[in-house]
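> Contents are mmCIF, C-alpha atoms; file name protein_15.cif:
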```cif
data_input
#
loop_
_atom_site.label_atom_id
_atom_site.label_comp_id
_atom_site.auth_asym_id
_atom_site.auth_seq_id
_atom_site.Cartn_x
_atom_site.Cartn_y
_atom_site.Cartn_z
CA MET T 1 17.31 -30.03 -16.63
CA GLY T 2 13.81 -31.22 -17.44
CA LYS T 3 12.72 -30.91 -13.86
CA ILE T 4 13.79 -27.31 -13.50
CA PHE T 5 11.07 -26.10 -15.84
CA SER T 6 8.47 -28.72 -15.01
CA LYS T 7 4.82 -28.02 -15.62
CA GLU T 8 4.07 -26.81 -12.09
CA ASN T 9 7.05 -24.48 -12.00
CA LYS T 10 6.08 -23.00 -15.33
CA ALA T 11 2.56 -22.44 -14.06
CA ALA T 12 3.92 -20.82 -10.89
CA PHE T 13 5.84 -18.38 -13.08
CA LEU T 14 3.27 -17.68 -15.78
CA GLU T 15 -0.05 -17.59 -13.94
CA PRO T 16 0.52 -14.35 -12.02
CA LEU T 17 1.39 -12.61 -15.27
CA ASN T 18 -2.13 -12.82 -16.59
CA LEU T 19 -4.78 -15.20 -15.28
CA ASN T 20 -3.91 -14.78 -11.64
CA ASN T 21 -2.53 -11.26 -11.78
CA PRO T 22 -1.86 -9.88 -8.31
CA ILE T 23 -3.41 -6.51 -9.07
CA ALA T 24 -6.19 -7.22 -11.53
CA ILE T 25 -7.49 -10.47 -10.02
CA GLN T 26 -6.23 -10.83 -6.48
CA ILE T 27 -6.41 -7.06 -5.77
CA LEU T 28 -3.22 -7.04 -3.74
CA GLY T 29 -0.67 -4.28 -3.43
CA ILE T 30 -2.97 -1.54 -4.69
CA CYS T 31 -1.54 1.24 -2.52
CA SER T 32 1.75 1.60 -4.31
CA ALA T 33 0.22 0.80 -7.71
CA LEU T 34 -1.78 4.00 -7.42
CA ALA T 35 0.63 6.26 -5.62
CA VAL T 36 3.81 5.97 -7.68
CA THR T 37 2.36 5.88 -11.19
CA ALA T 38 2.03 9.58 -11.97
CA GLN T 39 5.20 9.15 -14.04
CA LEU T 40 6.72 6.24 -15.89
CA GLU T 41 10.19 6.15 -14.37
CA PRO T 42 9.23 5.71 -10.71
CA ALA T 43 6.62 3.16 -11.79
CA ILE T 44 9.29 1.02 -13.49
CA VAL T 45 11.72 1.35 -10.59
CA MET T 46 8.97 0.43 -8.14
CA GLY T 47 7.94 -2.59 -10.22
CA LEU T 48 11.52 -3.84 -10.40
CA SER T 49 12.15 -3.30 -6.69
CA VAL T 50 9.03 -5.24 -5.77
CA THR T 51 9.99 -8.05 -8.18
CA VAL T 52 13.44 -8.39 -6.63
CA ILE T 53 12.07 -8.28 -3.09
CA VAL T 54 9.27 -10.79 -3.69
CA ALA T 55 11.64 -13.18 -5.46
CA PHE T 56 14.30 -13.14 -2.75
CA SER T 57 11.95 -13.09 0.24
CA ASN T 58 10.10 -16.04 -1.32
CA LEU T 59 13.42 -17.86 -1.71
CA ILE T 60 14.63 -17.12 1.82
CA VAL T 61 11.35 -17.96 3.53
CA SER T 62 11.08 -21.13 1.47
CA LEU T 63 14.56 -22.19 2.62
CA LEU T 64 13.63 -21.41 6.25
CA ARG T 65 10.11 -22.83 6.10
CA LYS T 66 10.89 -25.98 8.08
CA THR T 67 12.66 -24.12 10.89
CA ILE T 68 10.20 -21.26 11.41
CA PRO T 69 7.87 -21.98 14.36
CA ASN T 70 4.32 -21.67 13.16
CA ARG T 71 3.19 -19.27 15.91
CA ILE T 72 5.66 -16.50 15.15
CA ARG T 73 5.92 -17.00 11.39
CA ILE T 74 4.37 -13.62 10.51
CA ILE T 75 6.99 -11.72 12.48
CA VAL T 76 9.81 -13.81 10.98
CA GLN T 77 8.48 -13.16 7.48
CA LEU T 78 8.15 -9.46 8.20
CA VAL T 79 11.73 -9.25 9.43
CA VAL T 80 13.05 -11.04 6.31
CA VAL T 81 11.08 -8.66 4.10
CA ALA T 82 12.06 -5.58 6.10
CA ALA T 83 15.75 -6.48 5.84
CA LEU T 84 15.47 -6.88 2.05
CA VAL T 85 13.54 -3.61 1.72
CA THR T 86 16.21 -1.81 3.73
CA ILE T 87 18.87 -3.11 1.33
CA VAL T 88 16.87 -2.07 -1.75
CA SER T 89 16.10 1.34 -0.25
CA MET T 90 19.78 2.01 0.44
CA LEU T 91 20.71 0.81 -3.06
CA LEU T 92 18.16 3.15 -4.62
CA LYS T 93 19.45 6.08 -2.59
CA ALA T 94 22.97 5.34 -3.78
CA VAL T 95 22.25 4.61 -7.46
CA ALA T 96 19.12 6.59 -8.35
CA TYR T 97 18.68 9.29 -5.74
CA ASP T 98 16.11 11.37 -7.64
CA VAL T 99 13.78 8.44 -8.11
CA SER T 100 14.11 7.40 -4.49
CA VAL T 101 13.08 10.92 -3.44
CA GLN T 102 10.05 10.69 -5.73
CA LEU T 103 9.10 7.30 -4.29
CA SER T 104 9.56 8.67 -0.74
CA VAL T 105 7.79 6.50 1.82
CA TYR T 106 6.47 4.05 -0.74
CA VAL T 107 9.78 2.15 -0.84
CA GLY T 108 9.44 1.50 2.88
CA LEU T 109 5.83 0.55 2.37
CA ILE T 110 6.86 -2.41 0.21
CA ILE T 111 7.17 -4.17 3.59
CA THR T 112 3.44 -4.02 4.07
CA ASN T 113 2.66 -4.69 0.42
CA CYS T 114 0.04 -7.42 0.51
CA ILE T 115 1.58 -9.22 -2.48
CA LEU T 116 4.58 -10.12 -0.36
CA MET T 117 2.69 -11.50 2.61
CA GLY T 118 0.22 -13.17 0.28
CA ARG T 119 2.90 -15.02 -1.68
CA LEU T 120 4.90 -15.90 1.42
CA GLU T 121 1.89 -17.34 3.21
CA ALA T 122 0.24 -19.00 0.25
CA PHE T 123 3.25 -20.28 -1.67
CA ALA T 124 6.68 -20.08 -0.08
CA MET T 125 5.63 -21.74 3.19
CA THR T 126 4.57 -24.88 1.32
CA HIS T 127 6.85 -25.09 -1.73
CA GLY T 128 10.54 -25.66 -2.45
CA PRO T 129 13.04 -22.85 -3.01
CA TRP T 130 13.25 -23.03 -6.82
CA ALA T 131 9.49 -23.02 -7.37
CA SER T 132 9.16 -20.20 -4.83
CA LEU T 133 11.78 -18.10 -6.59
CA LEU T 134 9.96 -18.52 -9.92
CA ASP T 135 6.62 -17.73 -8.31
CA GLY T 136 8.10 -14.61 -6.77
CA ILE T 137 9.51 -13.38 -10.07
CA GLY T 138 6.20 -14.10 -11.81
CA SER T 139 4.15 -12.25 -9.19
CA GLY T 140 6.54 -9.32 -9.20
CA LEU T 141 6.44 -9.00 -12.99
CA GLY T 142 2.66 -9.37 -13.03
CA TYR T 143 2.54 -6.43 -10.63
CA ALA T 144 5.15 -4.48 -12.56
CA TRP T 145 3.47 -4.58 -15.97
CA ILE T 146 0.25 -3.08 -14.64
CA LEU T 147 2.27 -0.33 -12.95
CA VAL T 148 4.04 0.38 -16.23
CA VAL T 149 0.78 0.56 -18.19
CA VAL T 150 -0.83 2.93 -15.67
CA GLY T 151 2.35 5.02 -15.45
CA PHE T 152 2.60 5.21 -19.25
CA VAL T 153 -0.97 6.43 -19.72
CA ARG T 154 -0.83 8.89 -16.83
CA GLU T 155 2.44 10.48 -17.85
CA LEU T 156 1.59 10.62 -21.55
CA LEU T 157 -1.84 12.18 -21.11
CA GLY T 158 -1.13 14.05 -17.88
CA SER T 159 2.04 15.91 -18.78
CA GLY T 160 2.70 14.96 -22.42
CA THR T 161 6.06 13.42 -21.59
CA LEU T 162 7.65 9.98 -21.26
CA PHE T 163 10.63 9.50 -18.90
CA GLY T 164 10.54 13.30 -18.58
CA LEU T 165 11.08 13.83 -22.33
CA ARG T 166 8.44 15.63 -24.33
CA VAL T 167 6.79 13.31 -26.87
CA ILE T 168 3.72 15.25 -27.90
CA PRO T 169 5.01 17.77 -30.48
CA ASP T 170 4.64 21.53 -29.95
CA LEU T 171 2.51 21.64 -33.05
CA CYS T 172 -0.34 19.94 -31.20
CA TYR T 173 -0.13 22.44 -28.34
CA LYS T 174 -0.29 25.31 -30.83
CA ALA T 175 -3.31 23.70 -32.41
CA GLY T 176 -5.07 23.84 -29.06
CA TYR T 177 -4.16 20.51 -27.41
CA VAL T 178 -4.07 20.78 -23.61
CA ASP T 179 -2.58 18.30 -21.14
CA ASN T 180 -5.14 16.64 -18.97
CA GLY T 181 -4.19 17.88 -15.51
CA MET T 182 -6.59 15.44 -13.89
CA MET T 183 -4.34 12.56 -14.95
CA VAL T 184 -1.65 13.43 -12.42
CA MET T 185 -4.22 13.67 -9.63
CA PRO T 186 -4.77 10.66 -7.36
CA ALA T 187 -8.40 10.26 -8.37
CA MET T 188 -7.55 9.51 -11.99
CA ALA T 189 -5.31 6.61 -11.00
CA LEU T 190 -8.33 4.96 -9.44
CA PHE T 191 -10.44 5.42 -12.58
CA LEU T 192 -7.66 4.03 -14.78
CA LEU T 193 -7.13 1.00 -12.58
CA GLY T 194 -10.87 0.36 -12.47
CA GLY T 195 -10.90 0.51 -16.27
CA ILE T 196 -7.93 -1.85 -16.56
CA ILE T 197 -9.53 -4.38 -14.23
CA ALA T 198 -12.78 -4.28 -16.18
CA LEU T 199 -10.92 -4.65 -19.49
CA HIS T 200 -8.86 -7.52 -18.13
CA ARG T 201 -12.00 -9.31 -17.00
CA TYR T 202 -13.71 -8.68 -20.29
CA LEU T 203 -10.78 -10.11 -22.29
CA ASN T 204 -10.56 -13.17 -20.05
CA ARG T 205 -14.30 -13.67 -19.68
CA ASN T 206 -14.28 -17.11 -21.32
CA LYS T 207 -11.38 -18.47 -19.33
CA ASN T 208 -11.90 -20.27 -16.09
CA MET T 209 -10.81 -18.03 -13.25
CA MET H 1 -2.90 24.65 20.24
CA GLU H 2 -3.57 26.21 16.88
CA HIS H 3 -0.94 24.01 15.31
CA ALA H 4 -2.46 20.90 16.89
CA LEU H 5 -5.93 21.71 15.60
CA ASN H 6 -4.55 22.46 12.16
CA LEU H 7 -2.63 19.17 12.11
CA PHE H 8 -5.72 17.27 13.22
CA ILE H 9 -8.08 18.73 10.61
CA ARG H 10 -5.50 18.43 7.85
CA SER H 11 -4.78 14.79 8.57
CA ILE H 12 -8.48 13.96 8.41
CA PHE H 13 -9.42 15.81 5.24
CA VAL H 14 -6.45 17.07 3.25
CA ASP H 15 -3.82 14.37 3.82
CA ASN H 16 -6.44 11.67 4.01
CA MET H 17 -4.80 8.23 4.14
CA ILE H 18 -7.00 6.75 1.43
CA PHE H 19 -7.69 9.62 -0.93
CA ALA H 20 -4.39 11.46 -0.86
CA SER H 21 -1.83 8.71 -0.35
CA PHE H 22 -3.71 5.43 -1.03
CA LEU H 23 -2.65 3.77 2.19
CA GLY H 24 -4.46 0.75 3.60
CA MET H 25 -6.13 0.14 0.25
CA CYS H 26 -6.21 -3.66 0.41
CA SER H 27 -8.35 -3.99 3.50
CA TYR H 28 -10.25 -0.86 2.46
CA LEU H 29 -11.49 -2.59 -0.68
CA ALA H 30 -11.88 -6.05 0.83
CA VAL H 31 -13.81 -5.17 3.98
CA SER H 32 -16.04 -2.32 2.85
CA LYS H 33 -19.05 -4.49 2.02
CA ASN H 34 -21.20 -3.48 4.97
CA VAL H 35 -21.19 -0.51 7.28
CA LYS H 36 -21.05 -2.40 10.58
CA THR H 37 -17.87 -4.41 9.95
CA SER H 38 -16.13 -1.52 8.25
CA PHE H 39 -16.88 0.68 11.26
CA GLY H 40 -15.33 -1.95 13.53
CA LEU H 41 -12.23 -2.18 11.36
CA GLY H 42 -11.97 1.61 11.22
CA ILE H 43 -12.03 1.80 15.01
CA ALA H 44 -9.39 -0.94 15.27
CA VAL H 45 -7.11 0.80 12.77
CA THR H 46 -7.49 4.14 14.58
CA PHE H 47 -6.71 2.49 17.89
CA VAL H 48 -3.56 0.74 16.65
CA LEU H 49 -2.44 3.95 14.92
CA VAL H 50 -2.81 5.99 18.09
CA VAL H 51 -0.74 3.45 20.03
CA THR H 52 2.02 2.74 17.50
CA CYS H 53 2.68 6.22 16.17
CA PRO H 54 3.88 7.80 19.46
CA VAL H 55 5.93 4.69 20.29
CA ASN H 56 7.65 4.89 16.92
CA TYR H 57 8.11 8.63 17.42
CA LEU H 58 9.96 8.02 20.68
CA LEU H 59 11.96 5.22 19.06
CA GLN H 60 12.94 7.49 16.18
CA THR H 61 13.90 10.56 18.24
CA ARG H 62 15.38 8.94 21.34
CA VAL H 63 17.07 5.81 19.98
CA LEU H 64 17.56 5.76 16.22
CA ASP H 65 18.53 9.36 15.63
CA GLY H 66 21.83 9.38 17.46
CA GLY H 67 20.49 8.21 20.82
CA ILE H 68 22.91 5.33 21.35
CA ALA H 69 26.51 6.55 21.59
CA GLY H 70 25.82 9.14 18.92
CA GLN H 71 25.39 6.53 16.20
CA ASP H 72 22.91 7.28 13.41
CA LEU H 73 20.82 4.12 13.31
CA THR H 74 18.08 5.40 11.01
CA TYR H 75 18.74 2.61 8.52
CA LEU H 76 17.24 0.20 11.05
CA SER H 77 13.96 2.12 11.12
CA PHE H 78 12.04 -0.18 8.72
CA ILE H 79 12.80 -3.29 10.70
CA LEU H 80 12.17 -1.70 14.10
CA PHE H 81 8.96 0.06 13.07
CA ILE H 82 7.43 -3.09 11.65
CA ALA H 83 8.51 -5.09 14.71
CA VAL H 84 6.89 -2.51 17.00
CA ILE H 85 3.71 -2.57 14.92
CA ALA H 86 3.52 -6.36 14.82
CA GLY H 87 4.21 -6.61 18.54
CA ILE H 88 1.68 -3.95 19.53
CA THR H 89 -0.99 -5.45 17.30
CA GLN H 90 -0.47 -8.77 19.06
CA LEU H 91 -0.73 -7.01 22.43
CA VAL H 92 -3.87 -5.11 21.43
CA GLU H 93 -5.40 -8.37 20.25
CA MET H 94 -4.73 -10.00 23.62
CA ILE H 95 -6.09 -7.02 25.56
CA VAL H 96 -9.25 -6.79 23.48
CA GLU H 97 -9.82 -10.52 23.81
CA ARG H 98 -9.47 -10.30 27.59
CA PHE H 99 -11.60 -7.21 28.23
CA SER H 100 -14.14 -7.11 25.43
CA PRO H 101 -14.84 -10.54 23.91
CA SER H 102 -17.78 -9.15 21.91
CA LEU H 103 -15.59 -6.59 20.14
CA TYR H 104 -12.97 -9.29 19.65
CA ASN H 105 -15.46 -11.55 17.92
CA ALA H 106 -16.79 -8.71 15.80
CA LEU H 107 -13.29 -7.81 14.53
CA GLY H 108 -12.28 -11.43 13.98
CA ILE H 109 -9.45 -11.90 11.52
CA PHE H 110 -9.01 -8.16 10.91
CA LEU H 111 -7.22 -7.50 14.15
CA PRO H 112 -4.10 -9.58 13.41
CA LEU H 113 -4.18 -8.39 9.79
CA ILE H 114 -3.79 -4.78 10.91
CA ALA H 115 -0.08 -5.56 11.40
CA VAL H 116 0.34 -5.59 7.62
CA ASN H 117 -2.02 -2.69 6.93
CA CYS H 118 -0.05 -0.10 4.98
CA ALA H 119 -1.88 2.75 6.74
CA ILE H 120 -0.19 1.92 10.05
CA MET H 121 3.31 1.60 8.64
CA GLY H 122 2.65 4.55 6.34
CA ALA H 123 1.70 6.81 9.23
CA SER H 124 4.95 5.97 11.01
CA LEU H 125 7.02 6.60 7.88
CA PHE H 126 5.26 9.89 7.13
CA MET H 127 5.77 10.90 10.74
CA GLN H 128 9.48 10.11 10.38
CA GLN H 129 9.61 12.43 7.36
CA ARG H 130 7.65 15.18 9.09
CA ILE H 131 10.02 15.37 12.05
CA GLY H 132 12.52 16.88 9.63
CA LEU H 133 10.18 19.60 8.35
CA PRO H 134 10.61 23.25 9.40
CA GLU H 135 8.69 24.12 12.56
CA THR H 136 6.46 26.62 10.80
CA SER H 137 5.06 23.96 8.44
CA SER H 138 1.50 22.92 9.19
CA GLN H 139 2.56 19.28 8.79
CA TYR H 140 5.40 19.50 11.31
CA ILE H 141 5.40 16.90 14.07
CA GLY H 142 7.41 18.14 17.02
CA GLY H 143 6.49 16.00 19.97
CA VAL H 144 4.64 12.97 21.28
CA GLY H 145 1.47 15.07 21.50
CA ASP H 146 1.68 15.99 17.81
CA ALA H 147 2.31 12.34 16.93
CA VAL H 148 -0.82 11.26 18.84
CA ILE H 149 -2.91 13.97 17.17
CA TYR H 150 -1.60 13.07 13.72
CA ALA H 151 -2.31 9.38 14.32
CA LEU H 152 -5.81 10.10 15.64
CA GLY H 153 -6.60 12.35 12.68
CA SER H 154 -5.31 9.83 10.14
CA GLY H 155 -7.29 7.06 11.80
CA ILE H 156 -10.50 9.09 11.78
CA GLY H 157 -9.93 10.00 8.15
CA TRP H 158 -9.52 6.31 7.29
CA LEU H 159 -12.65 5.44 9.29
CA LEU H 160 -14.61 8.13 7.48
CA ALA H 161 -13.47 6.87 4.09
CA ILE H 162 -14.25 3.21 4.73
CA VAL H 163 -17.68 3.85 6.28
CA GLY H 164 -18.55 6.14 3.37
CA LEU H 165 -17.56 3.56 0.78
CA ALA H 166 -19.38 0.79 2.64
CA ALA H 167 -22.58 2.85 2.70
CA ILE H 168 -22.32 3.47 -1.05
CA ARG H 169 -21.62 -0.20 -1.77
CA GLU H 170 -24.63 -1.28 0.27
CA LYS H 171 -26.84 0.86 -1.97
CA MET H 172 -24.97 -0.20 -5.10
CA ALA H 173 -26.01 -3.81 -4.55
CA TYR H 174 -29.39 -2.85 -6.02
CA THR H 175 -28.10 -1.25 -9.19
CA ASN H 176 -27.49 -2.76 -12.57
CA VAL H 177 -23.74 -2.55 -13.21
CA PRO H 178 -22.19 -3.74 -16.52
CA LYS H 179 -20.80 -7.24 -16.14
CA ALA H 180 -17.10 -6.48 -16.57
CA PHE H 181 -17.30 -3.69 -14.01
CA GLN H 182 -19.14 -5.71 -11.41
CA GLY H 183 -17.39 -6.02 -8.07
CA LEU H 184 -14.02 -4.34 -8.06
CA GLY H 185 -14.12 -2.33 -11.27
CA ILE H 186 -17.04 -0.22 -10.14
CA THR H 187 -15.66 0.00 -6.61
CA PHE H 188 -12.50 1.61 -7.95
CA ILE H 189 -14.52 4.12 -9.93
CA THR H 190 -16.59 4.92 -6.83
CA VAL H 191 -13.43 5.48 -4.79
CA GLY H 192 -12.12 7.68 -7.61
CA LEU H 193 -15.23 9.84 -7.43
CA MET H 194 -14.93 10.05 -3.65
CA ALA H 195 -11.28 11.05 -4.03
CA MET H 196 -12.34 13.82 -6.43
CA ALA H 197 -14.82 15.04 -3.84
CA PHE H 198 -12.09 15.09 -1.21
CA MET H 199 -9.80 17.03 -3.54
CA CYS H 200 -11.84 20.14 -2.79
CA PHE H 201 -10.38 20.14 0.72
CA SER H 202 -6.83 20.59 -0.52
CA GLY H 203 -5.48 23.99 0.38
CA LEU H 204 -7.72 24.13 3.41
CA LYS H 205 -6.14 26.29 6.09
CA ILE H 206 -7.25 27.17 9.57
#
```
Mind turning the file's structure into structure tokens?


Amino acid sequence: MGKIFSKENKAAFLEPLNLNNPIAIQILGICSALAVTAQLEPAIVMGLSVTVIVAFSNLIVSLLRKTIPNRIRIIVQLVVVAALVTIVSMLLKAVAYDVSVQLSVYVGLIITNCILMGRLEAFAMTHGPWASLLDGIGSGLGYAWILVVVGFVRELLGSGTLFGLRVIPDLCYKAGYVDNGMMVMPAMALFLLGGIIALHRYLNRNKNM
Amino acid sequence: MEHALNLFIRSIFVDNMIFASFLGMCSYLAVSKNVKTSFGLGIAVTFVLVVTCPVNYLLQTRVLDGGIAGQDLTYLSFILFIAVIAGITQLVEMIVERFSPSLYNALGIFLPLIAVNCAIMGASLFMQQRIGLPETSSQYIGGVGDAVIYALGSGIGWLLAIVGLAAIREKMAYTNVPKAFQGLGITFITVGLMAMAFMCFSGLKI
């Protein structure tokens, strides 16, 4: 069992969570990070979907890596990803229809999410299946936690709710508290993400990146 | 005619790819360091959009949506759209290389990367949604002509956004930005301010 969680595999799993975070450091997959985070629930669903898709596409491409001809590898990778996204999209429609309506085209856009192509090209094409699976899960979760943070802040300050339930008591509203309507606008997502990236850099300023 | 003009203006300003739906963000942030390259990329994206969107429109209406023996094949749309986009990008790359080597060299790596640009796929998916809208809606896409106009408008909107950001970033190189914000942090804030400026177009009607 010692080999399963060897040092390299652990690094493949843990690095994307913080030091090599796909959003904060590599700046990949920004589109969906901004578009689906006006509320917490779609943000979590999106994060989980991406995690599942990155993990499995990493695994499949890693298993196929010796048989894929180098010239057409991008198209092969895209087809693997597109098939997985189709499955996830149909699952979402069946299990959580409301959320899938909210996510609209952004589920389909997971195909062109740069995190996927980035991990497939940079990791899965050169590593074994187990390490690739771990790397995929790590990258997906690294992406998901930023989505959750942005979604949490935007929903709490923008509409005073979490998961659609009111958390800011009526008392505050009577005392003159007003929801910040800007928070649900697209522009605010950009400001928040800029702030998170700056904070992340500041906290990790002494570490070698 | 009125509908076409409305669709065109809306897709440039109101439903702007970058500021309203955040599509094509990765290359938008990575390539917008100087005006010349970003202009080239903008042109390339517009070009690929204008070619792929009508093709995907025909695919969606003639084949997927009950075209073959009355079967609803819409669930295949993700795979087919991305295959069309990847194939056409490859074709465009070959054509540009053959007929305009200077443009080919200027675009370099960006041309093949357009295949995974979310703006291209996003335009096709939005178009797929808009086919189902009522005909009176200003976002309705009802024919190949509408699809071309929508694609052209979206491409020009993207071009406008990336050239604008590149111009700002060129000037920003001379300013004193706090260390943690240097590079991407401040770029995000700039894009946020630009998005706020574009918000004043929402509700625009012709």

> Kindly assemble as CSV a list of the stretch 67-172 of chain T residues that lie within 9 Å of stretch 5-22 of chain T, each paired with its nearest atom pair and their distance in Å to one decimal, using all atoms listed in the file, sorted first by chain and then by ascending residue number.


```
residue,atom,partner,partner_atom,distance
T:Ile115,CA,T:Pro22,CA,6.8
T:Trp130,CA,T:Asn9,CA,8.2
T:Ala131,CA,T:Asn9,CA,5.4
T:Ser132,CA,T:Ala12,CA,8.0
T:Leu133,CA,T:Phe13,CA,8.8
T:Leu134,CA,T:Phe13,CA,5.2
T:Asp135,CA,T:Ala12,CA,4.8
T:Gly136,CA,T:Phe13,CA,7.7
T:Ile137,CA,T:Phe13,CA,6.9
T:Gly138,CA,T:Phe13,CA,4.5
T:Ser139,CA,T:Pro16,CA,5.1
T:Gly140,CA,T:Pro16,CA,8.3
T:Leu141,CA,T:Leu17,CA,6.6
T:Gly142,CA,T:Leu17,CA,4.1
T:Tyr143,CA,T:Pro22,CA,6.1
T:Trp145,CA,T:Leu17,CA,8.3
```

> Here's the selection I'm unsure about, the PyMOL selection byres ((chain H) within 8 of (chain T)); applied to the file above, which residues does it give, as a VMD selection string?

chain H and resid 19 to 26 75 to 76 78 to 79 82 to 83 86 116 to 118 121 to 122 125 to 126 180 to 181 184 to 189 191 to 193 195 to 196

> Using Å and a single decimal, report how far atom CA of H:Gly145 sits from atom CA of H:Ala4.

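Computing the Euclidean distance for atom CA of H:Ala4 and atom CA of H:Gly145 yields 8.4 Å.
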
> Determine, counting all atoms listed in the file, which protein, DNA and RNA residues have an atom within 6 Å of an atom of stretch 45-53 of chain T; residues of the same chain fewer than 2 positions away are not included. Present the result as JSON, numbers by chain.

{"T": [42, 43, 55, 56, 57, 137, 140, 144]}

> Which residue out of H:Pro178, H:Gly155, H:Lys171, H:Ala197 has the minimum interatomic distance to H:Asn34 when all atoms listed in the file are used?

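Among the listed residues, H:Lys171 lies closest to H:Asn34.
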
> Just how far from atom CA of T:Gly118 is atom CA of T:Lys66, in Å to one decimal?

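These atoms are spaced 18.4 Å apart.
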
> Work out how far atom CA of T:Ile168 is from atom CA of T:Glu155, in Å to one decimal.

11.2 Å

> Tell me which protein, DNA and RNA residues are within 12 Å of stretch 89-97 of chain H, counting all atoms listed in the file, leaving out same-chain ones fewer than 2 positions away, and put them as an MDAnalysis selection string.

(chainID T and resid 71:72 74:75) or (chainID H and resid 44:52 82:87 99:117 120:121)

> Check the smallest atom-to-atom distance from each of H:Lys179, H:Trp158, H:Leu80, H:Ile149 to H:Gly40 using only C-alpha atoms, then report the winner.

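Closest to H:Gly40, using only C-alpha atoms: H:Trp158.
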
> Within 12 Å of (-9.7, 20.0, 10.8), all atoms listed in the file: residues as a ChimeraX atom specification?

/H:2-16,138,149-150,152-154,156-157,201-206

> Pick from T:Gln77, T:Ser100, T:Ser62, T:Thr37: nearest to T:Val149, with all atoms listed in the file counted?

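Of the candidates, the smallest distance to T:Val149 is held by T:Thr37.
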
> Extract, using only C-alpha atoms, all DNA, RNA and protein residues at most 12 Å from H:Leu73, discarding same-chain residues fewer than 5 positions from it, and format them as a list in words.

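So, after excluding close chain neighbours, the residues are Leu59, Gln60, Thr61, Arg62, Val63, Leu64, Asp65, Gly66, Gly67, Ile68, Phe78, Ile79 and Leu80 of chain H.
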
> Residue by residue, what does the PyMOL selection byres ((chain T and resi 154) around 8) grab here? Present the result as a list of chain:residue names.

T:Thr37, T:Ala38, T:Gln39, T:Val150, T:Gly151, T:Phe152, T:Val153, T:Glu155, T:Leu156, T:Leu157, T:Gly158, T:Ser159, T:Met183, T:Val184, T:Ala189

> Please give the centre and size of the box around stretch 193-202 of chain T (axis-aligned, containing every atom listed in the file, 6 Å added per side), with values in Å to one decimal and written as JSON.


```
{"center_x": -10.4, "center_y": -4.2, "center_z": -16.4, "size_x": 18.6, "size_y": 22.3, "size_z": 19.8}
```

> Could you rebuild stretch 26-37 of chain T with N, CA and C atoms and give it back as a compact mmCIF listing (two decimals), in the coordinates of the input?


```txt
# COMPACT_ATOMS: atom_id res chain seq x y z
N GLN T 26 -6.27 -10.63 -7.93
CA GLN T 26 -6.23 -10.83 -6.48
C GLN T 26 -6.39 -9.53 -5.70
N ILE T 27 -6.28 -8.38 -6.40
CA ILE T 27 -6.41 -7.06 -5.77
C ILE T 27 -5.47 -6.95 -4.57
N LEU T 28 -4.21 -7.20 -4.80
CA LEU T 28 -3.22 -7.04 -3.74
C LEU T 28 -2.23 -5.96 -4.14
N GLY T 29 -1.71 -5.27 -3.15
CA GLY T 29 -0.67 -4.28 -3.43
C GLY T 29 -1.16 -3.07 -4.20
N ILE T 30 -2.40 -2.65 -3.93
CA ILE T 30 -2.97 -1.54 -4.69
C ILE T 30 -2.32 -0.21 -4.30
N CYS T 31 -2.00 -0.07 -3.01
CA CYS T 31 -1.54 1.24 -2.52
C CYS T 31 -0.46 1.83 -3.40
N SER T 32 0.63 1.04 -3.57
CA SER T 32 1.75 1.60 -4.31
C SER T 32 1.42 1.68 -5.80
N ALA T 33 0.56 0.76 -6.29
CA ALA T 33 0.22 0.80 -7.71
C ALA T 33 -0.41 2.13 -8.07
N LEU T 34 -1.13 2.74 -7.12
CA LEU T 34 -1.78 4.00 -7.42
C LEU T 34 -0.87 5.19 -7.15
N ALA T 35 -0.05 5.07 -6.10
CA ALA T 35 0.63 6.26 -5.62
C ALA T 35 1.86 6.62 -6.45
N VAL T 36 2.54 5.64 -7.03
CA VAL T 36 3.81 5.97 -7.68
C VAL T 36 3.70 6.07 -9.19
N THR T 37 2.47 6.00 -9.74
CA THR T 37 2.36 5.88 -11.19
C THR T 37 2.06 7.18 -11.90
```
